[in-house]
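*Asks:* If you scroll down you'll find the structure; I have some questions about it.
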Amino acid sequence: MNKPPRAFFSPLASGAPAPMRELPVTLERMIHFVPAHNAKLRSRVPDMAKQVDVILANLEDAIPADAKDAARAGAVEMGKSFDFASAGVGYWSRINALNSPWHLDDVTTLVGEIGDKLDVIMVPKVEGPWDIHYMDQLLALLEAKHGVKRPIMLHAILETAQGVANVEAIAGASPRMHGICLGPADLAASRKMKTTRVGGGHPGYRVLSDANADGGERASAQQDLWHYTFAKMVDACVMHGLKPMYGPFGDFDDEAACEQQFRNAYLMGCVGAWTLHPSQIAIAKRVFTPAVDEVKLAMRMIEAMPDGTGVALVDGKMLDDATWKQAKVIVDLARLVAAREPEMARAYGL
């Protein structure tokens, strides 16, 4: 059971910062993963920060067991050596799972060493609101102990069937919740899905047209394995004012499929995706940045109905208050992009 409404935004520890009532308004189109134990890749962070919206120090999957301590130290070094806030870039870290031997050291070290520089902790394999309640209380205690001035947010990864079943409760578990993203590989294993792909479609998951009277070949089309989960996750996030995001796409060589998976997520309401390889940064930026012609049309729609009421026609299409709200979503996103990228501001005319 969650806290009652009057207590929802109360700090959970004496001296901890007050929880945020609204999420910071910021671009998070790509969450770029840096294996924090790799000194060579850490050295590229200043240049990478010019290309991405968020840099994440990864401590969990893909970090060998004998490199976990080095990754944790590397995450601290990244936070201390580069001023992410001044660069306008978010700094996140994905910690190890709550039941792992590295989890507690991850949290206590990050908050103790770089608590005021860390925007979001990404929590893997969240299965229910109890996981978020635990993280909420632990972070409050550590923030109070170390004098952290602003609350560290939490971003949950859906990686198990139980997590998907409890996604609405997870989304509403704490005012620290920043958003939720999909972890398709672990989720596929949890569901016992018969695929070894990390995100994307599968050639065996198809719909087939009715049989032809002449016995000819029947048309078929590959389907999206993740459509149901996307929709459920997006609804849960939007209901609670959080940010839904797509997770990893594992085939770095198939840029077309990566772009289509990201675009599916974008169209369904996701605000960003993970980028695990530099080649995916441009894809995420292209997909999660609204197209110029789309923005200009949306601006004309808003100009036709400045207060969002009544009915208007633009290019022969009827507009009403629902259409106005759709247009506002696109224009609001374009304004965020324009504030960060002068060339897009010029293209949008903002």
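Letters for chains follow the order of the structure tokens (A, B, ...), residue numbers begin at 1 for each chain, and ligand numbers begin at 1 in the order shown.
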Do you know which residues are at most 10 Å from Asp210 (chain A) counting only C-alpha atoms, after dropping those on the same chain fewer than 6 positions away, and could you put them as a list of chain:residue names?

*Replies:* A:Arg218, A:Ala219, A:Ser220

*Asks:* Go ahead and save the picked residues with all heavy atoms, as a short mmCIF file (atom, residue, chain, number, x, y, z; two decimals), in the first residue's frame.

*Replies:*
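Saved to result20.cif:
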```
data_model
loop_
_atom_site.label_atom_id
_atom_site.label_comp_id
_atom_site.auth_asym_id
_atom_site.auth_seq_id
_atom_site.Cartn_x
_atom_site.Cartn_y
_atom_site.Cartn_z
N ARG A 218 0.24 -16.83 -49.57
CA ARG A 218 -0.50 -15.90 -48.71
C ARG A 218 0.44 -14.81 -48.20
O ARG A 218 1.58 -15.06 -47.83
CB ARG A 218 -1.10 -16.66 -47.53
CG ARG A 218 -2.11 -17.71 -47.98
CD ARG A 218 -2.40 -18.74 -46.93
NE ARG A 218 -3.11 -18.18 -45.79
CZ ARG A 218 -3.58 -18.90 -44.79
NH1 ARG A 218 -3.41 -20.23 -44.78
NH2 ARG A 218 -4.20 -18.33 -43.78
N ALA A 219 -0.07 -13.60 -48.20
CA ALA A 219 0.72 -12.47 -47.70
C ALA A 219 0.87 -12.58 -46.18
O ALA A 219 -0.04 -13.06 -45.49
CB ALA A 219 0.03 -11.16 -48.07
N SER A 220 2.01 -12.13 -45.67
CA SER A 220 2.22 -12.10 -44.24
C SER A 220 3.07 -10.89 -43.88
O SER A 220 3.76 -10.34 -44.74
CB SER A 220 2.89 -13.39 -43.74
OG SER A 220 4.24 -13.46 -44.17
#
```

*Asks:* Would you mind writing down, as a PyMOL selection string, each residue of region 266-344 of chain A that DSSP on the backbone assigns to strand (DSSP E or B)?

*Replies:* chain A and resi 272-275+312-314+317-319

*Asks:* Would you output that residue set with N, CA, C and O atoms, as a PDB file, in the first residue's frame?

*Replies:*
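Okay, this is what ended up in part-v8.pdb:
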```
ATOM      1  N   GLY A 272      12.481   8.766 -25.209  1.00  0.00           N
ATOM      2  CA  GLY A 272      13.877   8.509 -25.508  1.00  0.00           C
ATOM      3  C   GLY A 272      14.166   7.024 -25.485  1.00  0.00           C
ATOM      4  O   GLY A 272      13.270   6.196 -25.279  1.00  0.00           O
ATOM      5  N   ALA A 273      15.442   6.690 -25.705  1.00  0.00           N
ATOM      6  CA  ALA A 273      15.869   5.285 -25.740  1.00  0.00           C
ATOM      7  C   ALA A 273      17.321   5.211 -25.301  1.00  0.00           C
ATOM      8  O   ALA A 273      18.046   6.208 -25.291  1.00  0.00           O
ATOM      9  N   TRP A 274      17.743   4.007 -24.952  1.00  0.00           N
ATOM     10  CA  TRP A 274      19.153   3.786 -24.634  1.00  0.00           C
ATOM     11  C   TRP A 274      19.964   3.783 -25.920  1.00  0.00           C
ATOM     12  O   TRP A 274      19.515   3.306 -26.963  1.00  0.00           O
ATOM     13  N   THR A 275      21.189   4.279 -25.844  1.00  0.00           N
ATOM     14  CA  THR A 275      22.155   4.090 -26.924  1.00  0.00           C
ATOM     15  C   THR A 275      23.356   3.368 -26.327  1.00  0.00           C
ATOM     16  O   THR A 275      24.003   3.870 -25.423  1.00  0.00           O
ATOM     17  N   ALA A 312     -11.627  24.405 -36.142  1.00  0.00           N
ATOM     18  CA  ALA A 312     -10.956  25.121 -37.230  1.00  0.00           C
ATOM     19  C   ALA A 312     -10.582  24.125 -38.311  1.00  0.00           C
ATOM     20  O   ALA A 312     -10.635  22.900 -38.113  1.00  0.00           O
ATOM     21  N   LEU A 313     -10.219  24.649 -39.475  1.00  0.00           N
ATOM     22  CA  LEU A 313      -9.759  23.827 -40.586  1.00  0.00           C
ATOM     23  C   LEU A 313      -8.333  24.227 -40.935  1.00  0.00           C
ATOM     24  O   LEU A 313      -8.030  25.417 -41.090  1.00  0.00           O
ATOM     25  N   VAL A 314      -7.451  23.249 -41.078  1.00  0.00           N
ATOM     26  CA  VAL A 314      -6.087  23.466 -41.557  1.00  0.00           C
ATOM     27  C   VAL A 314      -5.801  22.399 -42.604  1.00  0.00           C
ATOM     28  O   VAL A 314      -5.908  21.198 -42.329  1.00  0.00           O
ATOM     29  N   LYS A 317      -8.362  19.698 -43.001  1.00  0.00           N
ATOM     30  CA  LYS A 317      -8.594  18.773 -41.906  1.00  0.00           C
ATOM     31  C   LYS A 317      -9.211  19.503 -40.724  1.00  0.00           C
ATOM     32  O   LYS A 317      -8.767  20.590 -40.354  1.00  0.00           O
ATOM     33  N   MET A 318     -10.233  18.872 -40.136  1.00  0.00           N
ATOM     34  CA  MET A 318     -10.907  19.494 -39.009  1.00  0.00           C
ATOM     35  C   MET A 318     -10.063  19.388 -37.743  1.00  0.00           C
ATOM     36  O   MET A 318      -9.488  18.344 -37.438  1.00  0.00           O
ATOM     37  N   LEU A 319      -9.992  20.491 -37.006  1.00  0.00           N
ATOM     38  CA  LEU A 319      -9.292  20.521 -35.728  1.00  0.00           C
ATOM     39  C   LEU A 319     -10.285  20.784 -34.612  1.00  0.00           C
ATOM     40  O   LEU A 319     -11.225  21.558 -34.786  1.00  0.00           O
TER      41      LEU A 319
END
```

*Asks:* Run DSSP on the backbone and grab whatever in region 158-259 of chain A lands in helix (DSSP H, G or I); send it over as a ChimeraX atom specification.

*Replies:* /A:161-165,167-171,184-191,227-239,255-259

*Asks:* Using only C-alpha atoms, which protein or nucleic acid residues come within 8 Å of Val126 (chain A)? Drop anything in the same chain fewer than 5 positions from it, and give the result as JSON, numbers by chain.

*Replies:* {"A": [131, 132, 156, 157, 158, 159, 160, 163, 170]}

*Asks:* Only all heavy atoms, please: the residues just picked out, written as a compact mmCIF listing (two decimals), in the first residue's frame.

*Replies:*
```txt
# COMPACT_ATOMS: atom_id res chain seq x y z
N ASP A 131 10.03 -2.57 -4.17
CA ASP A 131 11.41 -2.27 -4.56
C ASP A 131 11.66 -0.77 -4.56
O ASP A 131 12.72 -0.28 -4.15
CB ASP A 131 11.72 -2.85 -5.94
CG ASP A 131 11.78 -4.37 -5.95
OD1 ASP A 131 12.07 -4.95 -4.89
OD2 ASP A 131 11.54 -4.97 -7.02
N ILE A 132 10.68 -0.01 -5.04
CA ILE A 132 10.81 1.45 -5.07
C ILE A 132 10.71 2.02 -3.66
O ILE A 132 11.45 2.96 -3.31
CB ILE A 132 9.73 2.06 -5.99
CG1 ILE A 132 9.88 1.51 -7.41
CG2 ILE A 132 9.82 3.58 -5.98
CD1 ILE A 132 11.22 1.76 -8.06
N ALA A 156 12.93 3.06 -13.25
CA ALA A 156 12.80 1.60 -13.13
C ALA A 156 12.89 0.94 -14.51
O ALA A 156 12.43 1.49 -15.51
CB ALA A 156 11.47 1.24 -12.49
N ILE A 157 13.49 -0.26 -14.53
CA ILE A 157 13.53 -1.05 -15.75
C ILE A 157 12.56 -2.22 -15.61
O ILE A 157 12.61 -2.96 -14.62
CB ILE A 157 14.94 -1.60 -16.05
CG1 ILE A 157 16.00 -0.53 -15.85
CG2 ILE A 157 14.99 -2.13 -17.48
CD1 ILE A 157 17.42 -1.03 -16.08
N LEU A 158 11.67 -2.38 -16.58
CA LEU A 158 10.76 -3.52 -16.63
C LEU A 158 11.49 -4.68 -17.29
O LEU A 158 11.74 -4.66 -18.50
CB LEU A 158 9.51 -3.19 -17.43
CG LEU A 158 8.47 -2.26 -16.82
CD1 LEU A 158 7.24 -2.24 -17.70
CD2 LEU A 158 8.12 -2.66 -15.41
N GLU A 159 11.82 -5.70 -16.51
CA GLU A 159 12.60 -6.82 -17.03
C GLU A 159 12.03 -8.18 -16.63
O GLU A 159 12.65 -9.20 -16.93
CB GLU A 159 14.04 -6.71 -16.54
CG GLU A 159 14.74 -5.45 -17.01
CD GLU A 159 16.18 -5.39 -16.58
OE1 GLU A 159 16.46 -4.89 -15.47
OE2 GLU A 159 17.05 -5.86 -17.34
N THR A 160 10.90 -8.18 -15.95
CA THR A 160 10.29 -9.45 -15.55
C THR A 160 8.79 -9.38 -15.78
O THR A 160 8.19 -8.29 -15.81
CB THR A 160 10.54 -9.76 -14.06
OG1 THR A 160 9.82 -8.82 -13.25
CG2 THR A 160 12.02 -9.71 -13.71
N GLY A 163 7.15 -7.56 -12.97
CA GLY A 163 7.26 -6.12 -13.08
C GLY A 163 6.24 -5.53 -14.03
O GLY A 163 5.63 -4.50 -13.75
N ILE A 170 4.18 0.34 -9.62
CA ILE A 170 5.57 0.81 -9.63
C ILE A 170 5.62 2.30 -9.97
O ILE A 170 6.30 3.09 -9.33
CB ILE A 170 6.40 -0.01 -10.63
CG1 ILE A 170 6.57 -1.45 -10.13
CG2 ILE A 170 7.76 0.64 -10.87
CD1 ILE A 170 7.12 -2.40 -11.18
```

*Asks:* Expressed in Å to a single decimal, how great is the separation between CA of Thr195 (chain A) and CA of Lys232 (chain A)?

*Replies:* 21.2 Å

*Asks:* Expressed in Å to a single decimal, how great is the separation between CA of Val198 (chain A) and CA of Lys50 (chain A)?

*Replies:* 27.4 Å

*Asks:* May I ask which of the residues A:Lys40, A:His178, A:Lys125, A:Arg150 is the closest one to Pro244 (chain A), counting only C-alpha atoms?

*Replies:* A:His178

*Asks:* Please list as an MDAnalysis selection string every residue within 12 Å of Ser209 (chain A), counting only C-alpha atoms and excluding residues in the same chain fewer than 2 positions away.

*Replies:* chainID A and resid 206:207 211:213 216:222

*Asks:* Output the selection as an mmCIF file, in the first residue's frame - N, CA, C and O atoms for each residue.

*Replies:*
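Below is the file that was written, selection-v3.cif:
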```cif
data_model
loop_
_atom_site.group_PDB
_atom_site.id
_atom_site.type_symbol
_atom_site.label_atom_id
_atom_site.label_comp_id
_atom_site.auth_asym_id
_atom_site.auth_seq_id
_atom_site.Cartn_x
_atom_site.Cartn_y
_atom_site.Cartn_z
ATOM 1 N N ARG A 206 4.306 -13.284 -36.780
ATOM 2 C CA ARG A 206 3.702 -12.705 -37.971
ATOM 3 C C ARG A 206 2.182 -12.856 -37.932
ATOM 4 O O ARG A 206 1.630 -13.631 -37.152
ATOM 5 N N VAL A 207 1.522 -12.110 -38.813
ATOM 6 C CA VAL A 207 0.119 -12.373 -39.127
ATOM 7 C C VAL A 207 0.049 -12.830 -40.585
ATOM 8 O O VAL A 207 0.872 -12.419 -41.417
ATOM 9 N N ALA A 211 -6.452 -17.608 -46.666
ATOM 10 C CA ALA A 211 -6.029 -18.441 -47.797
ATOM 11 C C ALA A 211 -6.641 -17.940 -49.098
ATOM 12 O O ALA A 211 -7.791 -17.484 -49.134
ATOM 13 N N ASN A 212 -5.867 -18.008 -50.170
ATOM 14 C CA ASN A 212 -6.348 -17.611 -51.483
ATOM 15 C C ASN A 212 -7.154 -18.748 -52.112
ATOM 16 O O ASN A 212 -6.834 -19.926 -51.941
ATOM 17 N N ALA A 213 -8.178 -18.387 -52.828
ATOM 18 C CA ALA A 213 -9.009 -19.405 -53.480
ATOM 19 C C ALA A 213 -8.205 -20.229 -54.475
ATOM 20 O O ALA A 213 -8.482 -21.419 -54.684
ATOM 21 N N GLY A 216 -2.717 -19.794 -53.997
ATOM 22 C CA GLY A 216 -1.470 -19.057 -54.140
ATOM 23 C C GLY A 216 -0.851 -18.674 -52.808
ATOM 24 O O GLY A 216 -1.447 -18.859 -51.737
ATOM 25 N N GLU A 217 0.337 -18.096 -52.865
ATOM 26 C CA GLU A 217 1.069 -17.714 -51.659
ATOM 27 C C GLU A 217 0.301 -16.654 -50.874
ATOM 28 O O GLU A 217 -0.252 -15.714 -51.445
ATOM 29 N N ARG A 218 0.237 -16.828 -49.572
ATOM 30 C CA ARG A 218 -0.496 -15.901 -48.713
ATOM 31 C C ARG A 218 0.436 -14.805 -48.197
ATOM 32 O O ARG A 218 1.583 -15.065 -47.826
ATOM 33 N N ALA A 219 -0.073 -13.595 -48.204
ATOM 34 C CA ALA A 219 0.718 -12.473 -47.699
ATOM 35 C C ALA A 219 0.865 -12.584 -46.178
ATOM 36 O O ALA A 219 -0.040 -13.060 -45.486
ATOM 37 N N SER A 220 2.007 -12.132 -45.675
ATOM 38 C CA SER A 220 2.218 -12.103 -44.235
ATOM 39 C C SER A 220 3.073 -10.894 -43.881
ATOM 40 O O SER A 220 3.763 -10.338 -44.737
ATOM 41 N N ALA A 221 3.023 -10.495 -42.622
ATOM 42 C CA ALA A 221 3.796 -9.343 -42.165
ATOM 43 C C ALA A 221 4.328 -9.608 -40.764
ATOM 44 O O ALA A 221 3.604 -10.117 -39.903
ATOM 45 N N GLN A 222 5.591 -9.265 -40.562
ATOM 46 C CA GLN A 222 6.210 -9.420 -39.250
ATOM 47 C C GLN A 222 5.594 -8.442 -38.262
ATOM 48 O O GLN A 222 5.289 -7.294 -38.612
#
```
